[in-house]
$ cat target.txt   # compact mmCIF, C-alpha atoms (C1' of nucleotides)
# COMPACT_ATOMS: atom_id res chain seq x y z
CA MET A 232 11.21 -15.07 67.04
CA THR A 233 9.06 -12.55 65.28
CA PRO A 234 5.48 -12.45 66.49
CA PRO A 235 2.79 -13.74 64.14
CA VAL A 236 1.05 -10.91 62.30
CA LYS A 237 -2.32 -12.61 62.15
CA ARG A 238 -4.18 -10.65 64.79
CA ARG A 239 -5.35 -7.23 63.91
CA PRO A 240 -7.30 -4.91 66.20
CA SER A 241 -10.84 -5.43 64.97
CA GLY A 242 -12.02 -2.28 63.24
CA HIS A 243 -8.57 -1.59 61.82
CA HIS A 244 -6.34 -3.42 59.40
CA HIS A 245 -2.85 -4.78 59.33
CA GLY A 246 -1.52 -1.61 57.83
CA ASP A 247 -1.07 -2.67 54.25
CA LEU A 248 -4.54 -3.23 52.91
CA ARG A 249 -3.55 -1.70 49.62
CA ASN A 250 -0.98 -4.39 48.96
CA ALA A 251 -3.22 -7.12 50.29
CA LEU A 252 -5.91 -6.07 47.85
CA GLU A 253 -3.52 -6.03 44.93
CA ARG A 254 -2.31 -9.50 45.77
CA ALA A 255 -5.85 -10.80 46.14
CA ALA A 256 -6.81 -9.21 42.82
CA LEU A 257 -3.89 -10.85 41.03
CA GLU A 258 -4.84 -14.18 42.58
CA LEU A 259 -8.38 -13.81 41.31
CA VAL A 260 -7.22 -12.94 37.81
CA ALA A 261 -4.95 -15.97 37.84
CA GLU A 262 -7.85 -18.17 38.89
CA LYS A 263 -10.66 -16.84 36.75
CA GLY A 264 -9.20 -14.54 34.15
CA PRO A 265 -9.17 -10.74 34.01
CA HIS A 266 -12.97 -10.64 33.94
CA GLY A 267 -13.35 -12.87 36.97
CA PHE A 268 -11.91 -10.29 39.30
CA SER A 269 -14.33 -8.52 41.60
CA LEU A 270 -13.65 -5.89 44.20
CA ASN A 271 -16.03 -7.54 46.64
CA GLU A 272 -14.34 -10.92 46.43
CA ALA A 273 -10.91 -9.30 46.79
CA SER A 274 -12.17 -7.48 49.89
CA ARG A 275 -13.43 -10.74 51.31
CA ARG A 276 -10.06 -12.41 50.77
CA ALA A 277 -8.30 -9.50 52.39
CA GLY A 278 -10.68 -9.76 55.33
CA VAL A 279 -12.24 -6.33 55.11
CA SER A 280 -15.64 -4.87 54.26
CA VAL A 281 -16.57 -4.13 50.67
CA ALA A 282 -16.31 -0.40 51.34
CA ALA A 283 -12.74 -0.54 52.63
CA PRO A 284 -10.97 -0.56 49.23
CA TYR A 285 -12.35 2.86 48.43
CA LYS A 286 -10.01 4.42 50.97
CA HIS A 287 -7.09 3.13 48.87
CA PHE A 288 -8.37 3.12 45.29
CA ALA A 289 -10.74 5.48 43.54
CA ASP A 290 -12.61 2.56 42.03
CA ARG A 291 -12.25 -0.92 40.59
CA GLU A 292 -10.40 0.34 37.53
CA ALA A 293 -7.86 2.20 39.65
CA LEU A 294 -6.82 -1.04 41.33
CA LEU A 295 -6.36 -2.70 37.94
CA ALA A 296 -4.38 0.30 36.73
CA ALA A 297 -2.08 0.01 39.73
CA LEU A 298 -1.46 -3.62 38.83
CA ALA A 299 -0.83 -2.68 35.21
CA VAL A 300 1.83 -0.21 36.33
CA THR A 301 3.43 -3.07 38.21
CA GLY A 302 3.29 -5.09 35.02
CA TYR A 303 5.06 -2.42 33.00
CA ARG A 304 7.66 -2.05 35.72
CA GLU A 305 8.43 -5.76 35.82
CA GLN A 306 8.68 -5.81 32.04
CA ARG A 307 11.14 -2.94 32.14
CA GLU A 308 13.26 -4.74 34.73
CA ARG A 309 13.30 -7.92 32.68
CA PHE A 310 14.21 -6.06 29.51
CA ALA A 311 16.91 -4.06 31.26
CA GLY A 312 18.33 -7.32 32.55
CA ALA A 313 18.34 -8.89 29.11
CA VAL A 314 20.03 -5.84 27.62
CA SER A 315 22.70 -5.43 30.26
CA ALA A 316 23.75 -9.07 29.98
CA LEU A 317 24.87 -8.59 26.38
CA ASP A 318 27.02 -6.25 24.34
CA ASP A 319 25.93 -6.40 20.73
CA PRO A 320 22.78 -4.33 20.08
CA ALA A 321 21.30 -6.95 17.75
CA ASP A 322 21.78 -9.58 20.44
CA GLN A 323 20.21 -7.22 22.95
CA LEU A 324 17.10 -6.60 20.86
CA ALA A 325 16.73 -10.31 20.12
CA ALA A 326 16.96 -11.00 23.85
CA PHE A 327 14.38 -8.28 24.47
CA ALA A 328 11.93 -9.91 22.07
CA ALA A 329 12.42 -13.30 23.71
CA ALA A 330 12.00 -11.75 27.16
CA TYR A 331 8.73 -10.19 26.04
CA VAL A 332 7.31 -13.60 25.23
CA ARG A 333 8.70 -15.04 28.45
CA PHE A 334 7.05 -12.36 30.51
CA ALA A 335 3.65 -13.27 29.07
CA ALA A 336 4.20 -16.95 29.78
CA GLU A 337 5.70 -16.63 33.24
CA ARG A 338 3.47 -13.85 34.57
CA PRO A 339 0.20 -14.56 32.77
CA ALA A 340 -2.11 -12.81 35.22
CA LEU A 341 0.02 -9.68 35.24
CA PHE A 342 0.27 -9.74 31.46
CA ASP A 343 -3.48 -10.06 31.12
CA VAL A 344 -4.21 -7.22 33.51
CA THR A 345 -1.63 -4.99 31.88
CA PHE A 346 -2.85 -5.51 28.33
CA TYR A 347 -6.30 -7.08 28.50
CA ALA A 348 -8.18 -5.29 31.25
CA GLY A 349 -9.50 -2.65 28.88
CA LEU A 350 -7.83 0.15 30.80
CA ASP A 351 -8.26 3.54 29.24
CA LYS A 352 -4.90 5.22 29.00
CA ALA A 353 -6.46 8.65 28.81
CA ARG A 354 -8.01 8.06 32.22
CA HIS A 355 -4.82 6.62 33.71
CA PRO A 356 -1.80 8.79 32.84
CA GLU A 357 0.43 6.58 35.01
CA LEU A 358 0.03 3.87 32.38
CA ALA A 359 1.25 6.12 29.61
CA GLU A 360 4.21 7.10 31.76
CA ALA A 361 5.10 3.50 32.53
CA GLY A 362 4.87 2.67 28.83
CA ASP A 363 7.12 5.58 27.95
CA ALA A 364 9.66 4.45 30.53
CA LEU A 365 9.77 1.09 28.81
CA LEU A 366 10.38 2.71 25.48
CA ALA A 367 13.12 4.89 26.89
CA THR A 368 14.99 1.81 28.08
CA LEU A 369 15.11 0.25 24.64
CA LEU A 370 15.43 3.22 22.31
CA PRO A 371 19.17 3.77 22.86
CA VAL A 372 19.78 0.13 21.98
CA ALA A 373 17.91 0.42 18.71
CA ALA A 374 19.70 3.69 18.00
CA ARG A 375 23.02 1.86 17.98
CA ILE A 376 21.80 -0.04 14.94
CA THR A 377 19.98 2.55 12.88
CA SER A 378 21.06 5.96 11.77
CA GLY A 379 18.73 8.51 13.26
CA GLU A 380 16.22 8.60 16.09
CA SER A 381 13.23 8.13 13.83
CA ALA A 382 14.62 4.94 12.29
CA ALA A 383 15.45 3.67 15.77
CA PHE A 384 11.87 4.19 16.90
CA ASP A 385 10.60 2.51 13.78
CA LEU A 386 12.75 -0.56 14.30
CA LEU A 387 11.85 -0.80 17.96
CA LEU A 388 8.15 -0.52 17.20
CA ARG A 389 8.40 -3.33 14.66
CA ILE A 390 10.25 -5.65 16.99
CA SER A 391 7.98 -4.85 19.93
CA SER A 392 4.76 -5.35 18.01
CA ALA A 393 5.98 -8.65 16.60
CA ALA A 394 6.92 -9.81 20.09
CA HIS A 395 3.61 -8.60 21.48
CA GLY A 396 1.67 -10.43 18.81
CA LEU A 397 3.49 -13.66 19.54
CA ALA A 398 2.97 -13.17 23.28
CA VAL A 399 -0.77 -12.69 22.73
CA PHE A 400 -1.02 -15.72 20.45
CA LEU A 401 0.76 -17.78 23.09
CA ARG A 402 -1.47 -16.51 25.91
CA GLN A 403 -4.67 -17.07 23.98
CA GLY A 404 -3.71 -20.16 22.09
CA LEU A 405 -4.42 -18.39 18.80
CA PHE A 406 -3.18 -19.46 15.41
CA GLY A 407 -2.18 -22.86 16.54
CA VAL A 408 0.30 -21.56 19.08
CA ALA A 409 0.07 -24.03 21.95
CA ALA A 410 0.11 -22.53 25.41
CA ASP A 411 3.12 -24.65 26.36
CA ALA A 412 5.25 -23.70 23.37
CA LEU A 413 7.19 -21.11 25.35
CA GLU A 414 10.73 -21.82 24.25
CA GLU A 415 9.76 -22.25 20.63
CA THR A 416 7.80 -19.00 20.64
CA ALA A 417 10.51 -17.06 22.45
CA HIS A 418 13.00 -18.30 19.88
CA ARG A 419 10.64 -17.28 17.11
CA ALA A 420 10.41 -13.77 18.56
CA ALA A 421 14.19 -13.50 18.65
CA HIS A 422 14.47 -14.76 15.09
CA THR A 423 11.89 -12.24 13.90
CA ALA A 424 13.75 -9.47 15.69
CA ARG A 425 16.95 -10.38 13.86
CA ALA A 426 15.16 -10.43 10.52
CA LEU A 427 13.77 -6.96 11.17
CA ILE A 428 17.18 -5.71 12.20
CA ALA A 429 18.69 -7.07 8.99
CA ASP A 430 15.97 -5.34 7.03
CA ALA A 431 16.58 -2.05 8.82
CA LYS A 432 20.28 -2.28 8.04
CA SER A 433 19.77 -3.05 4.37
CA SER A 434 17.22 -0.23 4.06
CA ALA A 435 19.72 2.21 5.50
CA ALA A 436 22.50 1.12 3.15
CA MET B 996 -44.72 0.29 -0.07
CA THR B 997 -43.52 -2.15 2.53
CA PRO B 998 -45.30 -1.89 5.85
CA PRO B 999 -43.28 -0.63 8.82
CA VAL B 1000 -42.06 -3.47 10.99
CA LYS B 1001 -42.36 -1.58 14.24
CA ARG B 1002 -45.42 -3.24 15.73
CA ARG B 1003 -45.01 -6.64 17.18
CA PRO B 1004 -47.74 -8.67 18.84
CA SER B 1005 -47.04 -8.01 22.50
CA GLY B 1006 -45.80 -11.15 24.15
CA HIS B 1007 -43.89 -12.20 21.03
CA HIS B 1008 -41.01 -10.70 19.13
CA HIS B 1009 -40.28 -9.60 15.60
CA GLY B 1010 -38.81 -12.96 14.77
CA ASP B 1011 -35.15 -12.14 14.83
CA LEU B 1012 -34.32 -11.41 18.43
CA ARG B 1013 -31.05 -13.22 18.07
CA ASN B 1014 -29.80 -10.75 15.49
CA ALA B 1015 -31.28 -7.79 17.32
CA LEU B 1016 -29.37 -8.79 20.45
CA GLU B 1017 -26.11 -9.18 18.56
CA ARG B 1018 -26.51 -5.76 17.02
CA ALA B 1019 -27.35 -4.18 20.38
CA ALA B 1020 -24.35 -5.89 21.95
CA LEU B 1021 -21.99 -4.57 19.28
CA GLU B 1022 -23.45 -1.09 19.77
CA LEU B 1023 -22.77 -1.30 23.49
CA VAL B 1024 -19.22 -2.46 22.96
CA ALA B 1025 -18.67 0.40 20.53
CA GLU B 1026 -20.01 2.85 23.09
CA LYS B 1027 -18.44 1.60 26.29
CA GLY B 1028 -15.80 -0.96 25.39
CA PRO B 1029 -15.94 -4.75 25.64
CA HIS B 1030 -16.47 -4.59 29.39
CA GLY B 1031 -19.34 -2.15 29.14
CA PHE B 1032 -21.60 -4.69 27.50
CA SER B 1033 -24.39 -6.13 29.61
CA LEU B 1034 -27.02 -8.64 28.66
CA ASN B 1035 -29.67 -6.68 30.52
CA GLU B 1036 -28.96 -3.46 28.68
CA ALA B 1037 -28.87 -5.28 25.36
CA SER B 1038 -32.26 -6.82 26.18
CA ARG B 1039 -33.64 -3.38 26.99
CA ARG B 1040 -32.45 -2.00 23.66
CA ALA B 1041 -33.96 -4.94 21.84
CA GLY B 1042 -37.21 -4.32 23.68
CA VAL B 1043 -37.50 -7.65 25.47
CA SER B 1044 -37.31 -8.91 29.03
CA VAL B 1045 -33.97 -9.81 30.58
CA ALA B 1046 -34.84 -13.49 30.43
CA ALA B 1047 -35.55 -13.51 26.70
CA PRO B 1048 -31.91 -13.83 25.52
CA TYR B 1049 -31.60 -17.20 27.21
CA LYS B 1050 -33.82 -18.74 24.59
CA HIS B 1051 -31.21 -17.81 21.97
CA PHE B 1052 -27.89 -17.92 23.81
CA ALA B 1053 -26.71 -20.20 26.59
CA ASP B 1054 -25.32 -17.26 28.51
CA ARG B 1055 -23.60 -13.91 28.18
CA GLU B 1056 -20.38 -15.48 26.93
CA ALA B 1057 -22.18 -17.38 24.20
CA LEU B 1058 -23.44 -14.13 22.72
CA LEU B 1059 -19.92 -12.72 22.71
CA ALA B 1060 -18.63 -15.92 21.14
CA ALA B 1061 -21.20 -15.60 18.36
CA LEU B 1062 -19.96 -12.08 17.69
CA ALA B 1063 -16.37 -13.29 17.71
CA VAL B 1064 -17.21 -15.87 15.05
CA THR B 1065 -18.62 -13.01 12.99
CA GLY B 1066 -15.35 -11.18 13.52
CA TYR B 1067 -13.27 -14.09 12.27
CA ARG B 1068 -15.56 -14.48 9.30
CA GLU B 1069 -15.29 -10.84 8.30
CA GLN B 1070 -11.52 -11.03 8.66
CA ARG B 1071 -11.43 -14.05 6.40
CA GLU B 1072 -13.51 -12.24 3.79
CA ARG B 1073 -11.28 -9.22 3.87
CA PHE B 1074 -8.14 -11.33 3.62
CA ALA B 1075 -9.57 -13.39 0.79
CA GLY B 1076 -10.40 -10.18 -1.02
CA ALA B 1077 -6.90 -8.81 -0.55
CA VAL B 1078 -5.39 -12.06 -1.79
CA SER B 1079 -7.60 -12.49 -4.82
CA ALA B 1080 -6.90 -8.95 -6.03
CA LEU B 1081 -3.22 -9.73 -6.53
CA ASP B 1082 -1.03 -12.34 -8.17
CA ASP B 1083 2.35 -12.33 -6.53
CA PRO B 1084 2.37 -14.22 -3.21
CA ALA B 1085 4.62 -11.64 -1.53
CA ASP B 1086 2.22 -8.88 -2.58
CA GLN B 1087 -0.65 -10.98 -1.31
CA LEU B 1088 0.87 -11.50 2.14
CA ALA B 1089 1.79 -7.82 2.39
CA ALA B 1090 -1.79 -6.93 1.53
CA PHE B 1091 -3.00 -9.42 4.12
CA ALA B 1092 -0.91 -7.76 6.83
CA ALA B 1093 -2.21 -4.33 5.89
CA ALA B 1094 -5.78 -5.63 5.83
CA TYR B 1095 -5.29 -7.03 9.32
CA VAL B 1096 -4.48 -3.58 10.67
CA ARG B 1097 -7.33 -2.03 8.69
CA PHE B 1098 -9.82 -4.48 10.14
CA ALA B 1099 -8.86 -3.41 13.66
CA ALA B 1100 -9.22 0.25 12.78
CA GLU B 1101 -12.41 0.03 10.78
CA ARG B 1102 -14.26 -2.51 12.92
CA PRO B 1103 -12.96 -1.67 16.38
CA ALA B 1104 -15.86 -3.10 18.36
CA LEU B 1105 -15.75 -6.37 16.45
CA PHE B 1106 -11.98 -6.57 16.81
CA ASP B 1107 -12.23 -5.99 20.55
CA VAL B 1108 -14.90 -8.63 21.03
CA THR B 1109 -13.03 -11.13 18.89
CA PHE B 1110 -9.69 -10.74 20.65
CA TYR B 1111 -10.31 -8.92 23.93
CA ALA B 1112 -13.44 -10.41 25.43
CA GLY B 1113 -11.51 -13.08 27.29
CA LEU B 1114 -13.33 -15.87 25.48
CA ASP B 1115 -12.10 -19.31 26.36
CA LYS B 1116 -11.44 -21.25 23.19
CA ALA B 1117 -11.76 -24.57 24.96
CA ARG B 1118 -15.32 -23.65 25.90
CA HIS B 1119 -16.18 -22.37 22.43
CA PRO B 1120 -14.99 -24.77 19.73
CA GLU B 1121 -16.63 -22.60 17.05
CA LEU B 1122 -13.91 -20.04 17.71
CA ALA B 1123 -11.14 -22.52 17.10
CA GLU B 1124 -12.87 -23.59 13.89
CA ALA B 1125 -13.23 -20.02 12.67
CA GLY B 1126 -9.57 -19.39 13.43
CA ASP B 1127 -8.55 -22.51 11.53
CA ALA B 1128 -10.60 -21.40 8.55
CA LEU B 1129 -8.66 -18.16 8.53
CA LEU B 1130 -5.39 -20.03 8.58
CA ALA B 1131 -6.51 -22.30 5.76
CA THR B 1132 -7.17 -19.28 3.55
CA LEU B 1133 -3.65 -17.95 3.90
CA LEU B 1134 -1.52 -21.07 4.14
CA PRO B 1135 -1.52 -21.84 0.39
CA VAL B 1136 -0.30 -18.32 -0.28
CA ALA B 1137 2.62 -18.68 2.11
CA ALA B 1138 3.37 -22.11 0.65
CA ARG B 1139 4.03 -20.50 -2.72
CA ILE B 1140 6.97 -18.72 -1.15
CA THR B 1141 8.51 -21.28 1.13
CA SER B 1142 9.55 -24.83 0.46
CA GLY B 1143 7.53 -27.11 2.66
CA GLU B 1144 4.35 -26.87 4.68
CA SER B 1145 6.13 -26.30 7.97
CA ALA B 1146 8.10 -23.33 6.67
CA ALA B 1147 4.90 -21.89 5.22
CA PHE B 1148 3.18 -22.12 8.57
CA ASP B 1149 6.17 -20.53 10.23
CA LEU B 1150 6.22 -17.60 7.84
CA LEU B 1151 2.50 -17.08 8.12
CA LEU B 1152 2.64 -17.13 11.91
CA ARG B 1153 5.39 -14.52 11.92
CA ILE B 1154 3.53 -12.20 9.57
CA SER B 1155 0.23 -12.66 11.38
CA SER B 1156 1.63 -12.05 14.83
CA ALA B 1157 3.45 -8.94 13.66
CA ALA B 1158 0.25 -7.64 12.10
CA HIS B 1159 -1.72 -8.54 15.21
CA GLY B 1160 0.73 -6.73 17.45
CA LEU B 1161 0.52 -3.59 15.34
CA ALA B 1162 -3.27 -3.82 15.28
CA VAL B 1163 -3.37 -4.07 19.07
CA PHE B 1164 -0.95 -1.18 19.52
CA LEU B 1165 -3.11 0.91 17.21
CA ARG B 1166 -6.32 -0.03 19.02
CA GLN B 1167 -4.90 0.64 22.46
CA GLY B 1168 -2.66 3.54 21.64
CA LEU B 1169 0.34 1.64 22.98
CA PHE B 1170 3.95 2.42 22.25
CA GLY B 1171 3.22 5.83 20.85
CA VAL B 1172 1.03 4.47 18.07
CA ALA B 1173 -1.65 7.11 17.68
CA ALA B 1174 -5.17 5.80 17.18
CA ASP B 1175 -5.50 7.78 13.95
CA ALA B 1176 -2.29 6.51 12.36
CA LEU B 1177 -4.10 3.90 10.29
CA GLU B 1178 -2.41 4.31 6.94
CA GLU B 1179 1.03 4.59 8.47
CA THR B 1180 0.47 1.49 10.60
CA ALA B 1181 -1.00 -0.52 7.74
CA HIS B 1182 2.01 0.37 5.64
CA ARG B 1183 4.30 -0.64 8.47
CA ALA B 1184 2.58 -4.03 8.68
CA ALA B 1185 3.06 -4.56 4.94
CA HIS B 1186 6.70 -3.55 5.17
CA THR B 1187 7.30 -5.94 8.06
CA ALA B 1188 5.62 -8.72 6.09
CA ARG B 1189 8.00 -8.15 3.18
CA ALA B 1190 11.01 -8.16 5.48
CA LEU B 1191 9.91 -11.48 6.96
CA ILE B 1192 9.34 -12.91 3.50
CA ALA B 1193 12.83 -11.85 2.45
CA ASP B 1194 14.23 -13.50 5.56
CA ALA B 1195 12.32 -16.72 4.86
CA LYS B 1196 13.68 -16.79 1.32
CA SER B 1197 17.27 -16.21 2.37
CA SER B 1198 17.00 -18.86 5.09
CA ALA B 1199 15.81 -21.37 2.53
CA ALA B 1200 18.61 -20.59 0.10
C1' DA C 153 -41.82 -22.03 20.42
C1' DC C 154 -40.89 -17.73 22.42
C1' DC C 155 -41.50 -14.47 25.75
C1' DT C 156 -42.77 -12.23 30.57
C1' DG C 157 -42.56 -11.51 35.70
C1' DA C 158 -40.61 -12.32 39.66
C1' DA C 159 -36.97 -13.92 42.17
C1' DC C 160 -31.91 -14.94 43.87
C1' DA C 161 -27.17 -14.16 44.60
C1' DC C 162 -23.81 -11.02 43.34
C1' DC C 163 -21.45 -6.66 42.13
C1' DG C 164 -19.79 -1.49 42.20
C1' DT C 165 -20.32 2.46 44.76
C1' DT C 166 -21.83 5.77 48.38
C1' DC C 167 -22.37 7.52 52.93
C1' DA C 168 -23.14 8.00 57.65
C1' DA C 169 -21.24 6.21 61.65
C1' DG C 170 -17.77 4.14 64.57
C1' DT C 171 -12.69 3.90 66.66
C1' DA D 1268 -6.95 7.97 59.37
C1' DC D 1269 -9.09 3.77 58.35
C1' DC D 1270 -12.71 0.76 58.59
C1' DT D 1271 -17.81 -1.08 59.16
C1' DG D 1272 -22.88 -1.49 58.17
C1' DA D 1273 -26.41 -0.58 55.55
C1' DA D 1274 -28.19 0.87 51.46
C1' DC D 1275 -28.96 1.66 46.14
C1' DA D 1276 -28.96 0.56 41.40
C1' DC D 1277 -27.40 -2.87 38.49
C1' DC D 1278 -26.16 -7.46 36.64
C1' DG D 1279 -26.34 -12.72 35.30
C1' DT D 1280 -29.22 -16.46 35.64
C1' DT D 1281 -33.28 -19.42 36.72
C1' DC D 1282 -37.98 -20.83 36.62
C1' DA D 1283 -42.80 -20.98 36.64
C1' DA D 1284 -46.27 -19.09 33.97
C1' DG D 1285 -48.45 -17.10 29.93
C1' DT D 1286 -49.69 -17.14 24.57

$ encode --input "target.txt" --output "structure tokens"
Amino acid sequence: MTPPVKRRPSGHHHGDLRNALERAALELVAEKGPHGFSLNEASRRAGVSVAAPYKHFADREALLAALAVTGYREQRERFAGAVSALDDPADQLAAFAAAYVRFAAERPALFDVTFYAGLDKARHPELAEAGDALLATLLPVAARITSGESAAFDLLLRISSAAHGLAVFLRQGLFGVAADALEETAHRAAHTARALIADAKSSAA
Amino acid sequence: MTPPVKRRPSGHHHGDLRNALERAALELVAEKGPHGFSLNEASRRAGVSVAAPYKHFADREALLAALAVTGYREQRERFAGAVSALDDPADQLAAFAAAYVRFAAERPALFDVTFYAGLDKARHPELAEAGDALLATLLPVAARITSGESAAFDLLLRISSAAHGLAVFLRQGLFGVAADALEETAHRAAHTARALIADAKSSAA
DNA sequence: ACCTGAACACCGTTCAAGT
DNA sequence: ACCTGAACACCGTTCAAGT
């Protein structure tokens, strides 16, 4: 039997304060929204002083940025999974669009932190990198449909922005999109993706 | 010559503190982003005590909600203008999509407050109303293209979410969309709208 | 009716000090 | 190396009091 990890030598921590803080932060966002997160409250939940986080994160924003990187990474994994499960590139992009909406619905706190925490990309280059990695995963798929790299980027941007818009509407209940209309909205994203693919093909012809 | 309005009887205000606070708030958001706004700083800029705003707004969120209503209203005006300048419904919806992107680029602070301030619609029914008013302006246009109210709503939702996604990407510099690529992005939104219209027509046929 | 002054709990951040 | 304790400026909000 593994010993319980509850006791920690007072004055030190259990060795993974960084992760504990990230988890507490995500909890807080889930409970009170991206604005309800405070470093002090997260410290309290992790059982440390309010000064402790500064040994692991430069400031409040840096913790959020770390979570956002996690968000991008999980998106990339989901998208890669959706792509690798199919063969036809149009099917793959439609699945990507649906997965985008599903990510927002199934990981709402992570989605909000990643896209709604007001993180400045210029101040957090890791975010730009994570975003580029996402793009790099999908670009080859789009390139199998279009002729030319530029057209592939264009198509991918259109599908992504349409999926993002639907994901945001779903998250915020905008435009009459009910928060529980996940399947309908995911289907809508896939449908839109197919329409944009058809348009890209007819433009190329 | 109209007398300068600078002097105010100390102890009272110039009579429009509410507006002065809203302007100061929008200034702050423009300067430091939607999270950089504080009621105290806005009070300072308006030249009143930190308690004064509470005679005009229930709390910090209520001020933001008032600004968001302004945002929806200005959007509606812009969209109505784009629609009334044209005759063909497809042209009108394409112009609407382009205007959506332009609003984000030309009124960034207002766009951010309206969509990125984390306002809870359940707690601010005025927001839901303003959003519905927007929808009501565009629905008849979409209905001229589709057969049936439900299909019109569907088409409008697709065009709006695509435009919203592009607007967000432009505002946040996501997905390689440069912040200064306004015309290109507006054109992209219009193009996407036309593709979705074509798809709606072919689905109906 | 509209505003001030003072107060409270809370937050982000810093820094010297402890182990 | 990693954390605490105490401190600072700042914030949202309340309330009694002033005119």

$ interface_residues --input "target.txt" --of "chain C" --to "chain B" --cutoff "10 Å" --atoms "all atoms listed in the file" --output "ChimeraX atom specification"
/C:153-157

$ write_last_selection --input "target.txt" --atoms "C-alpha atoms (C1' of nucleotides)" --output "PDB file, in the frame of the given file"
ATOM      1  C1'  DA C 153     -41.820 -22.030  20.420  1.00  0.00           C
ATOM      2  C1'  DC C 154     -40.890 -17.730  22.420  1.00  0.00           C
ATOM      3  C1'  DC C 155     -41.500 -14.470  25.750  1.00  0.00           C
ATOM      4  C1'  DT C 156     -42.770 -12.230  30.570  1.00  0.00           C
ATOM      5  C1'  DG C 157     -42.560 -11.510  35.700  1.00  0.00           C
TER       6       DG C 157
END

$ interface_residues --input "target.txt" --of "chain A" --to "chain B" --cutoff "6 Å" --atoms "only C-alpha atoms" --output "ChimeraX atom specification"
/A:392-393,395-397,426,430

$ write_last_selection --input "target.txt" --atoms "C-alpha atoms" --output "compact mmCIF listing (two decimals), in the frame of the given file"
# COMPACT_ATOMS: atom_id res chain seq x y z
CA SER A 392 4.76 -5.35 18.01
CA ALA A 393 5.98 -8.65 16.60
CA HIS A 395 3.61 -8.60 21.48
CA GLY A 396 1.67 -10.43 18.81
CA LEU A 397 3.49 -13.66 19.54
CA ALA A 426 15.16 -10.43 10.52
CA ASP A 430 15.97 -5.34 7.03

$ residues_around --input "target.txt" --residues "Val314 (chain A)" --least-positions-apart "2" --cutoff "12 Å" --atoms "all atoms listed in the file" --output "count of residues only"
27

$ axis_aligned_box --input "target.txt" --around "region 1274-1284 of chain D" --padding-each-side "8 Å" --output "lines of an AutoDock Vina configuration file"
center_x = -36.2
center_y = -9.7
center_z = 42.7
size_x = 36.1
size_y = 38.6
size_z = 33.5

$ atom_distance --input "target.txt" --atom1 "CA of Arg1013 (chain B)" --atom2 "C1' of DA159 (chain C)"
24.8 Å

$ atom_distance --input "target.txt" --atom1 "CA of Arg1055 (chain B)" --atom2 "CA of Ala1099 (chain B)"
23.2 Å

$ atom_distance --input "target.txt" --atom1 "CA of Ala261 (chain A)" --atom2 "CA of Phe342 (chain A)"
10.3 Å

$ residues_around --input "target.txt" --residues "DT1280 (chain D)" --least-positions-apart "3" --cutoff "9 Å" --atoms "all atoms listed in the file" --output "list in words"
Ala1046, Tyr1049 and Asp1054 of chain B; DC160 of chain C

$ residues_around --input "target.txt" --residues "Asn271 (chain A)" --least-positions-apart "3" --cutoff "8 Å" --atoms "only C-alpha atoms (C1' of nucleotides)" --output "ChimeraX atom specification"
/A:274-275,281 /C:163

$ decode --input "target.txt" --residues "region 163-170 of chain C" --atoms "N, CA, C and O atoms (P, O5', C5', C4', C3', O3' and C1' of nucleotides)" --output "compact mmCIF listing (two decimals), in the first residue's frame"
# COMPACT_ATOMS: atom_id res chain seq x y z
P DC C 163 -9.14 37.33 -2.78
O5' DC C 163 -8.22 38.19 -3.74
C5' DC C 163 -8.81 39.04 -4.70
C4' DC C 163 -7.74 39.94 -5.28
C3' DC C 163 -6.45 39.18 -5.55
O3' DC C 163 -6.24 39.06 -6.94
C1' DC C 163 -6.04 41.26 -4.44
P DG C 164 -5.00 38.15 -7.46
O5' DG C 164 -3.84 39.23 -7.67
C5' DG C 164 -3.94 40.19 -8.70
C4' DG C 164 -2.68 41.03 -8.74
C3' DG C 164 -1.41 40.22 -9.00
O3' DG C 164 -0.59 40.92 -9.92
C1' DG C 164 -1.22 41.39 -6.94
P DT C 165 0.77 40.27 -10.43
O5' DT C 165 1.81 40.82 -9.36
C5' DT C 165 1.87 42.23 -9.12
C4' DT C 165 2.90 42.52 -8.07
C3' DT C 165 4.17 41.66 -8.15
O3' DT C 165 5.26 42.53 -8.41
C1' DT C 165 3.38 41.85 -5.92
P DT C 166 6.76 41.96 -8.50
O5' DT C 166 7.32 42.36 -7.05
C5' DT C 166 7.06 43.66 -6.55
C4' DT C 166 7.75 43.85 -5.21
C3' DT C 166 9.14 43.21 -5.13
O3' DT C 166 10.04 44.14 -4.54
C1' DT C 166 7.77 42.46 -3.34
P DC C 167 11.63 43.93 -4.60
O5' DC C 167 11.97 43.56 -3.09
C5' DC C 167 11.29 44.21 -2.01
C4' DC C 167 11.66 43.56 -0.69
C3' DC C 167 12.98 42.77 -0.74
O3' DC C 167 13.63 42.91 0.50
C1' DC C 167 11.26 41.36 -0.07
P DA C 168 15.26 42.98 0.53
O5' DA C 168 15.55 42.67 2.08
C5' DA C 168 14.74 43.26 3.08
C4' DA C 168 14.30 42.23 4.09
C3' DA C 168 15.45 41.34 4.61
O3' DA C 168 15.43 41.32 6.03
C1' DA C 168 13.65 40.00 3.87
P DA C 169 16.66 40.64 6.83
O5' DA C 169 16.00 39.27 7.29
C5' DA C 169 14.69 39.27 7.87
C4' DA C 169 14.19 37.85 7.94
C3' DA C 169 15.27 36.86 8.35
O3' DA C 169 15.03 36.42 9.70
C1' DA C 169 13.93 36.04 6.53
P DG C 170 15.40 34.95 10.22
O5' DG C 170 13.99 34.25 9.97
C5' DG C 170 13.68 33.08 10.66
C4' DG C 170 13.22 31.99 9.70
C3' DG C 170 13.95 30.66 9.90
O3' DG C 170 13.06 29.73 10.50
C1' DG C 170 13.63 31.17 7.59
